[in-house]
Amino acid sequence: MIPNRLLDITVGNRLVRKIANLMLSGYARLRVNRLDRMPPAWVQRATLRRLVRLGRRTKFGRDHDFDSIHSVADYQARVPLRTYEDFWRDYWQRVFPRLRGVTWPQRIPYYALSSGTTTGATKYLPISRQMIRSNTHAALTTLALFLRHRPQADLLGGKFFFLGGSTSLVELNDGSAAGDLSGIAAATASPLMRPYTYPPPEIGLLGDWDKKVVLLAEQTAKLPITAISGVPAWLLTLFDYLRRVTGKKTIAEVWPRLCLIIHGGARFEPYRKLFREVVGSDAVTFQDTYPSSEGYVATEDPRYGLLRLLPDHGIFFEFVPVDELGQDKPTRHTVETLEVGVRYAVILTTCAGLWSYNLGDTVEFERRNPPLLRFTGRTKDFLSAFGEHLVLEEVQTAIERAAEATGAVLAGDWHVGPVFPQSSAQPGFHRYFIEFTRAPHDLAAFTRELDRQLHELNKDYVAYRIGDVSLAMPEVVPMPSEGFAQWMRQRGKLGGQNKVPRMDNTGKITRELEDFLANYQTSTR
């Protein structure tokens with residue numbers, strides 16, 4: 001780790017900052033060398049043994065006879081897969097927020113708020129002291145991998161900009177606090193890091209995204225920003241404001257010392273070309289991350305250009321083939337037994353009291369050693385209103401290919417949902433709402449290419465599209481510039497880690513977007 005005394009320095013002290021950069025680069029070499037040498041399977045087995053030992057006296061540990069668990073096979077035989085709803089119903093709801101000794105032996109000081117339950121209710125995800133250290137360890141590994149790739153980067157010569165949600169936390173009746181994960185990170189960060197980070201606490205607390213992004217742009221336009229992290233859509237919004245405030249054409253002109261953009265929370269490929277244009281410099285590295293409110297899963301290793309599973313930060317990983325979810329005894333792979341090219345659901349056992357927890361995400365591995373993966377979507381991110389079984393990755397790929405074929409540039413956000421038939425003679429179809437930075441020169445050609453790509457990517461889609469009998473040609477509706485942002489604002493979900501929902505099998509979101517566009521067009525006439 002980096003000695004804290006080297007971080008307690010002023011912005012103007014260039015010599016000490018240079019020394020700190022050298023120390024950070026040294027840490028990066030040691031960390032990455034250790035990561036490369038460690039056997040993932042052995043480390044993961046040791047992680048599970050440690051977690052089981054810590055949890056054996058909890059109610060959950062007694063219920064599942066942790067004292068008799070001596071191997072991964074023992075653990076999997078005693079602990080079934082669970083969802084958040086299962087944990088809430090069976091263990092947390094009756095005693096919340098006093099969870100000490102329930103699924104984790106120690107008091108839970110923080111709860112990360114997240115959406116995504118099947119009931120639509122907010123999740124309260126436990127964040128233990130060990131999980132705070134785990135997240136810090138994963139964040140440092142992200143920086144280490146970047147610096148191993150670019151050892152001369154001057155990260156500590158300026159400020160690291162964390163673009164997140166409101167850092168305000170709500171105190172619960174046991175003295176714990178709940179809020180956005182970025183707020184918990186801010187609350188638990190060392191004050192010695194403040195000379196190196198932005199925003200300050202008084203700005204981080206702001207909850208009004210519209211006011212906040214303007215203030216962020218105005219202030220950071222004058223700061224030596226060397227790195228920034230955030231969700232791609234909100235990064236682009238900030239960049240747009242920055243260019244307006246400064247009159248500059250590119251972000252590299254605003255922040256000439258910028259060398260790293262860390263992104264996560266959404267697939268980056270639809271944004272990559274636009275980011276490169278807006279940033280305006282090939283010297284800026286884009287680095288993907290795969291954090292979740294439940295725990296940090298992976299981070300991009302620039303040497304491979306893929307996400308790398310992190311085996312040594314207090315989380316034990318299992319991987320279940322997606323088509324086996326829901327079975328009584330699905331196959332539960334570990335890093336030791338996983339196969340390349342299979343779409344897996346991610347299962348976590350964490351140092352915050354989640355045991356074989358279905359994260360709801362899906363991944364596909366490209367390599368086993370080191371364990372390199374791609375995020376492929378959500379277990380619930382599929383479109384099958386008519387039986388067509390389209391998954392997120394297939395639709396995303398089809399949209400990207402259609403854009404490339406027709407000269408369009410995607411702004412990043414899109415949504416697709418069903419339009420159900422009004423009579424037996426009229427088949428249903430998919431309606432796509434897509435925001436473009438540059439619209440296709442021929443929208444009909446874009447739609448045909450989108451349909452053709454889906455034919456290539458999904459055989460079920462082909463079967464339903466034959467003769468337009470079960471499923472008609474899709475329809476593409478271009479969204480106005482910043483249309484999704486305005487729609488999200490109306491829903492009270494603009495900013496922070498809120499994301500545009502990609503798919504909806506009910507058609508409800510499709511109708512909401514139709515109503516939004518109708519009102520928008522009326523108001524702009």
# chains A, B, ... in the order shown; residues from 1 in each chain; ligands from 1
$ residues_around --residues "Gly158 in chain A" --least-positions-apart "3" --cutoff "6 Å" --atoms "only C-alpha atoms" --output "ChimeraX atom specification"
/A:224-226
$ write_last_selection --atoms "C-alpha atoms" --output "PDB file, in the first residue's frame"
ATOM      1  CA  PRO A 224      -5.866  20.332 -13.345  1.00  0.00           C
ATOM      2  CA  ILE A 225      -7.974  17.205 -13.820  1.00  0.00           C
ATOM      3  CA  THR A 226      -5.815  14.150 -14.570  1.00  0.00           C
TER       4      THR A 226
END
$ residues_around --residues "Val346 in chain A" --least-positions-apart "2" --cutoff "9 Å" --atoms "only C-alpha atoms" --output "ChimeraX atom specification"
/A:317-320,344,348,357-363
$ residues_around --residues "range 459-466 of chain A" --least-positions-apart "4" --cutoff "12 Å" --atoms "only C-alpha atoms" --output "short mmCIF file (atom, residue, chain, number, x, y, z; two decimals) with N, CA and C atoms, in the first residue's frame"
data_model
loop_
_atom_site.label_atom_id
_atom_site.label_comp_id
_atom_site.auth_asym_id
_atom_site.auth_seq_id
_atom_site.Cartn_x
_atom_site.Cartn_y
_atom_site.Cartn_z
N LEU A 383 -35.68 -9.73 -24.23
CA LEU A 383 -36.93 -9.32 -24.86
C LEU A 383 -37.57 -10.55 -25.46
N SER A 384 -38.68 -10.95 -24.89
CA SER A 384 -39.36 -12.14 -25.39
C SER A 384 -40.87 -11.97 -25.22
N ALA A 385 -41.37 -10.79 -25.58
CA ALA A 385 -42.80 -10.52 -25.47
C ALA A 385 -43.61 -11.42 -26.40
N PHE A 386 -42.96 -11.88 -27.49
CA PHE A 386 -43.66 -12.72 -28.47
C PHE A 386 -43.01 -14.11 -28.57
N GLY A 387 -42.02 -14.40 -27.70
CA GLY A 387 -41.32 -15.68 -27.75
C GLY A 387 -39.99 -15.63 -28.47
N GLU A 388 -39.50 -14.42 -28.79
CA GLU A 388 -38.33 -14.26 -29.65
C GLU A 388 -36.99 -14.42 -28.94
N HIS A 389 -36.96 -14.27 -27.61
CA HIS A 389 -35.77 -14.53 -26.79
C HIS A 389 -34.54 -13.75 -27.23
N LEU A 390 -34.67 -12.46 -27.40
CA LEU A 390 -33.51 -11.61 -27.68
C LEU A 390 -32.87 -11.19 -26.36
N VAL A 391 -31.54 -11.30 -26.28
CA VAL A 391 -30.83 -10.86 -25.08
C VAL A 391 -30.16 -9.52 -25.37
N GLU A 394 -27.20 -9.18 -27.90
CA GLU A 394 -27.56 -9.32 -29.31
C GLU A 394 -28.16 -8.03 -29.86
N VAL A 395 -29.05 -7.42 -29.10
CA VAL A 395 -29.69 -6.18 -29.55
C VAL A 395 -28.65 -5.06 -29.63
N PRO A 427 -49.75 -8.36 -36.75
CA PRO A 427 -48.75 -8.88 -35.82
C PRO A 427 -48.14 -7.77 -34.97
N GLY A 428 -47.61 -8.15 -33.83
CA GLY A 428 -46.90 -7.19 -33.01
C GLY A 428 -45.51 -6.91 -33.58
N PHE A 429 -44.82 -5.94 -32.98
CA PHE A 429 -43.47 -5.61 -33.44
C PHE A 429 -42.71 -4.93 -32.30
N HIS A 430 -41.41 -4.73 -32.53
CA HIS A 430 -40.56 -4.05 -31.56
C HIS A 430 -40.40 -2.59 -31.95
N ASP A 451 -32.72 -5.18 -38.41
CA ASP A 451 -33.49 -6.43 -38.53
C ASP A 451 -32.61 -7.54 -39.09
N ARG A 452 -31.80 -7.23 -40.10
CA ARG A 452 -30.95 -8.25 -40.72
C ARG A 452 -29.91 -8.78 -39.73
N GLN A 453 -29.36 -7.88 -38.95
CA GLN A 453 -28.36 -8.30 -37.96
C GLN A 453 -28.98 -9.20 -36.89
N LEU A 454 -30.20 -8.89 -36.47
CA LEU A 454 -30.88 -9.74 -35.49
C LEU A 454 -31.17 -11.12 -36.06
N HIS A 455 -31.45 -11.18 -37.36
CA HIS A 455 -31.61 -12.48 -38.01
C HIS A 455 -30.32 -13.30 -37.90
N SER A 470 -45.76 -13.75 -37.08
CA SER A 470 -45.75 -13.65 -35.61
C SER A 470 -45.13 -12.36 -35.12
N LEU A 471 -44.23 -11.81 -35.92
CA LEU A 471 -43.50 -10.61 -35.50
C LEU A 471 -43.18 -9.78 -36.74
N ALA A 472 -43.66 -8.55 -36.77
CA ALA A 472 -43.46 -7.68 -37.94
C ALA A 472 -42.11 -6.98 -37.85
N MET A 473 -41.78 -6.28 -38.91
CA MET A 473 -40.55 -5.50 -39.01
C MET A 473 -40.46 -4.51 -37.85
N PRO A 474 -39.28 -4.34 -37.23
CA PRO A 474 -39.18 -3.37 -36.14
C PRO A 474 -39.36 -1.95 -36.63
#
$ select_by_dssp --residues "range 248-383 of chain A" --states "strand (DSSP E or B)" --output "ChimeraX atom specification"
/A:260-263,285-290,298-301,306-309,315-321,333,343-350,357-367,372-378,382-383
$ atom_distance --atom1 "CA of Gly412 in chain A" --atom2 "CA of Pro291 in chain A"
19.8 Å
$ residues_around --residues "range 304-311 of chain A" --least-positions-apart "4" --cutoff "10 Å" --atoms "only C-alpha atoms" --output "PyMOL selection string"
chain A and resi 35+38-45+47+137-138+141-142+286-290+296-300+315-317+335+365-375
$ closest_residue --among "A:Ala345, A:Leu169, A:Ile261, A:Leu513" --to "Gly207 in chain A" --atoms "only C-alpha atoms"
A:Leu169
$ residues_around --residues "range 69-79 of chain A" --least-positions-apart "6" --cutoff "8 Å" --atoms "only C-alpha atoms" --output "ChimeraX atom specification"
/A:45,48-49,52,332,355-356
$ write_last_selection --atoms "C-alpha atoms" --output "PDB file, in the first residue's frame"
ATOM      1  CA  ARG A  45     -10.678 -21.540  -2.283  1.00  0.00           C
ATOM      2  CA  LEU A  48     -14.237 -19.102   0.692  1.00  0.00           C
ATOM      3  CA  ARG A  49     -12.633 -20.859   3.690  1.00  0.00           C
ATOM      4  CA  VAL A  52     -17.112 -19.477   6.029  1.00  0.00           C
ATOM      5  CA  ARG A 332     -22.141 -24.136 -10.143  1.00  0.00           C
ATOM      6  CA  TRP A 355     -23.957 -16.080   0.472  1.00  0.00           C
ATOM      7  CA  SER A 356     -24.317 -17.523  -3.052  1.00  0.00           C
TER       8      SER A 356
END
$ select_by_dssp --residues "range 43-108 of chain A" --states "helix (DSSP H, G or I)" --output "ChimeraX atom specification"
/A:43-55,59-63,66-68,72-78,84-92
$ residues_around --residues "Arg267 in chain A" --least-positions-apart "3" --cutoff "9 Å" --atoms "only C-alpha atoms" --output "PyMOL selection string"
chain A and resi 232+264+270-271+288+375-377+396
$ write_last_selection --atoms "C-alpha atoms" --output "PDB file, in the first residue's frame"
ATOM      1  CA  PRO A 232     -20.712   7.006 -19.656  1.00  0.00           C
ATOM      2  CA  GLY A 264     -18.615   1.575 -15.621  1.00  0.00           C
ATOM      3  CA  PRO A 270     -21.694   2.246 -28.157  1.00  0.00           C
ATOM      4  CA  TYR A 271     -19.990   5.278 -26.606  1.00  0.00           C
ATOM      5  CA  ASP A 288     -13.666  -0.186 -17.999  1.00  0.00           C
ATOM      6  CA  PHE A 375     -20.160  -8.249 -19.363  1.00  0.00           C
ATOM      7  CA  THR A 376     -23.053  -9.524 -21.514  1.00  0.00           C
ATOM      8  CA  GLY A 377     -26.142  -8.174 -19.757  1.00  0.00           C
ATOM      9  CA  GLN A 396     -26.768  -3.930 -28.610  1.00  0.00           C
TER      10      GLN A 396
END
$ closest_residue --among "A:Leu338, A:Val322, A:Leu181, A:Leu143" --to "Thr285 in chain A" --atoms "only C-alpha atoms"
A:Leu143
$ closest_residue --among "A:Thr506, A:Thr103, A:Thr122, A:Asn498" --to "Lys59 in chain A" --atoms "only C-alpha atoms"
A:Thr103
$ closest_residue --among "A:Val500, A:Ala185, A:Met479, A:Ile399" --to "Gly265 in chain A" --atoms "only C-alpha atoms"
A:Val500
$ atom_distance --atom1 "CA of Thr188 in chain A" --atom2 "CA of Ser134 in chain A"
12.4 Å
$ closest_residue --among "A:Val213, A:Leu51, A:Ile228, A:Val409" --to "Phe66 in chain A" --atoms "only C-alpha atoms"
A:Leu51
$ atom_distance --atom1 "CA of Val245 in chain A" --atom2 "CA of Leu260 in chain A"
21.7 Å
$ decode --residues "range 228-264 of chain A" --atoms "C-alpha atoms" --output "short mmCIF file (atom, residue, chain, number, x, y, z; two decimals), in the first residue's frame"
data_model
loop_
_atom_site.label_atom_id
_atom_site.label_comp_id
_atom_site.auth_asym_id
_atom_site.auth_seq_id
_atom_site.Cartn_x
_atom_site.Cartn_y
_atom_site.Cartn_z
CA ILE A 228 -12.24 11.11 -14.07
CA SER A 229 -14.61 8.25 -13.35
CA GLY A 230 -18.34 7.87 -13.92
CA VAL A 231 -21.20 6.35 -15.88
CA PRO A 232 -20.71 7.01 -19.66
CA ALA A 233 -24.00 8.85 -20.24
CA TRP A 234 -23.43 11.29 -17.37
CA LEU A 235 -19.78 11.80 -18.35
CA LEU A 236 -20.97 12.90 -21.78
CA THR A 237 -23.47 15.29 -20.21
CA LEU A 238 -20.70 16.84 -18.11
CA PHE A 239 -18.40 17.09 -21.14
CA ASP A 240 -21.12 18.90 -23.07
CA TYR A 241 -21.48 21.48 -20.28
CA LEU A 242 -17.70 21.83 -20.05
CA ARG A 243 -17.44 22.69 -23.73
CA ARG A 244 -20.26 25.22 -23.39
CA VAL A 245 -18.68 26.86 -20.34
CA THR A 246 -15.22 27.11 -21.87
CA GLY A 247 -15.98 27.49 -25.56
CA LYS A 248 -13.47 24.70 -26.25
CA LYS A 249 -14.12 22.07 -28.88
CA THR A 250 -12.63 19.10 -27.02
CA ILE A 251 -12.13 17.97 -23.43
CA ALA A 252 -8.40 17.64 -24.06
CA GLU A 253 -8.32 21.41 -24.60
CA VAL A 254 -10.17 21.96 -21.31
CA TRP A 255 -8.10 19.44 -19.34
CA PRO A 256 -4.75 19.09 -21.13
CA ARG A 257 -3.38 16.86 -18.34
CA LEU A 258 -6.22 14.34 -18.54
CA CYS A 259 -4.80 10.84 -19.01
CA LEU A 260 -7.47 8.43 -17.71
CA ILE A 261 -11.24 8.02 -17.98
CA ILE A 262 -12.62 5.20 -15.84
CA HIS A 263 -16.13 4.17 -16.81
CA GLY A 264 -18.62 1.57 -15.62
#
